[in-house]
Amino acid sequence: MASALDDDEILNDDFYSLLNVRREATQDELKAAYRRLCMLYHPDKHRDPELKRQAEQLFNLVHEAYEVLRDPQARAIYDIYGKRGLDVEGWEVVERKRTPAEIREEYERLQKEREERRLQQRTNPKGTISVGIDATDLFDQYEEDYEDVVGGGIPHVEINKMHISQSIEAPLTTKDTAILSGSLSTHNGNGGGTINLALRRVTSAKGWGEVEVGAGDTQGPLLGLKIFRNLTPRFFVTAQCGLQFSSRGVRPGVTTVLARHLDKNTMGYLQWRWGIQSSMNTSIVRDTKSSHFTFAMQLGIPHTFMMMSYQYKFQDDDQTKIKGSVKSGFFGTVVEYGAERKISRHSVLGATVSVGVPQGITLKIKLNRASQTYFFPIHLTDQILPSAVFYATVGPLVFYLAIQQLIIRPYVRAQKEEDLEKQQESSASNIARKKQEAEAAVSNCFRGSGVDVVPVLHCGSVLDEKRRYFKVTAMKYYKSHTSQSKELRRD
């Protein structure tokens, strides 16, 4: 290499130009060009530091180009999408495809998934859909002549309330973020909605501030301010104040939360709220690898209560959890128990039975799908009926087991078998290719040396033990011959 190379040449991403071959080059042509350039650009052939550095860069680029073009699947991806196609996450799945059409289809799917992940990371969408179902007609039949009424023999189940909320974030700068949220609610035919816009600014590594404005057809305009601050590494405070404008006038509200790390796994909270529903609340939350415990007590108008809940986490792949809680106050007493389990990579399904006086019995089904939550509270009865408790407990369990056995497990098993077949095909192809490369490398090393390597490479009738013996002997001769050549060069 007589002169220094330009940076443009070193940073060239055209693999065919790097190897100085045509785009229709065969594997033999690629191999010959690769060997010629390796001999030319090998760093050990240059003593000048600058030339050695540039030769090393070119040597690595040539090696990268050859590794891509020698693989038919990777070469097909590169020919269609260029080098950017090789950078898509998950392209190792594409590698198992066989035709350019299949490669294009798989690549476009992976590209779409990557764009969706990028969009989700930037906007951080969160949403909740809640559908309340009134199924009290299944258990509560107050009319004595219920069956005499037209259609009275069929229980009446209806949707009596619904709530939809959604929020997205839009980063404006490294410190500023805009948050847009909205909600729609309806209950027994009456409903309304709100829309809110918040601007959050990170003031320092210890805190941030947020200004919020909102409007709704039921509550009127809203103006709020929220501040978060880390006072010490183990203690932080959150303060929020707002003004709610309505036809009755302006209603101010203030909320302050103090939190402290009591130990590695325990947090303590103290909340004070003044305004529409004034109250004081204190709670302790302990979260470990195997359990989650919460104790809370609130004094306020109109809600005063004491609550304790416990959740046990099973150490399995499905992240199964069972939980129970007791809540008692001026409104009555509520006992809840339930479980949740991961049913797919991004989905968690849970069911909770709520038994309360005077609330009655409610079955709550919740599905978390990525950042979206779907909630279905089914009110079964206003009374405490053993039959309602039994069906609320056993019904979801039987339904889940049936779906698990009939749909989920067969689908997962079929997916695993398909992936295993693809892996076996890919492994067999890779082993055959590596074997051919090893044989070609040994053959090239002894070409012209006078050593007969035909028995090593092409003796299909010879036992594997003899083949390995011939290869080891040939490699020993090659190392000895190479060391002698180096000593002759020094002399």
# chains A, B, ... in the order shown; residues from 1 in each chain; ligands from 1

$ residues_around --residues "Leu367 of chain A" --least-positions-apart "4" --cutoff "10 Å" --atoms "only C-alpha atoms" --output "number ranges by chain"
A: 129, 340-343, 347-351, 372-376

$ residues_around --residues "His46 of chain A" --least-positions-apart "5" --cutoff "10 Å" --atoms "only C-alpha atoms" --output "number ranges by chain"
A: 1, 40-41, 51-56

$ residues_around --residues "segment 318-334 of chain A" --least-positions-apart "6" --cutoff "6 Å" --atoms "only C-alpha atoms" --output "MDAnalysis selection string"
chainID A and resid 304:312 340:342 355:357

$ closest_residue --among "A:Phe228, A:Trp274, A:Phe314, A:Phe399" --to "His292 of chain A" --atoms "only C-alpha atoms"
A:Phe314

$ atom_distance --atom1 "atom CA of Ile284 of chain A" --atom2 "atom CA of Thr266 of chain A"
7.1 Å

$ select_by_dssp --residues "segment 103-232 of chain A" --states "strand (DSSP E or B)" --output "PyMOL selection string"
chain A and resi 126-134+158-171+176-187+190-204+207-216+222-232

$ atom_distance --atom1 "atom CA of Arg229 of chain A" --atom2 "atom CA of Thr203 of chain A"
9.6 Å

$ residues_around --residues "Phe59 of chain A" --least-positions-apart "4" --cutoff "12 Å" --atoms "only C-alpha atoms" --output "list in words"
Ile10, Leu11, Leu18, Leu19, Tyr34, Arg35, Arg36, Leu37, Cys38, Met39, Leu40, Tyr41, His42, Pro43, Asp44, Lys45, Leu51, Lys52, Arg53, Gln54, Ala55, His63, Glu64, Ala65 and Tyr66 of chain A

$ atom_distance --atom1 "atom CA of Ile365 of chain A" --atom2 "atom CA of Pro155 of chain A"
20.9 Å

$ closest_residue --among "A:Gln73, A:Thr362, A:Gln57, A:Asn265" --to "Ile133 of chain A" --atoms "only C-alpha atoms"
A:Thr362
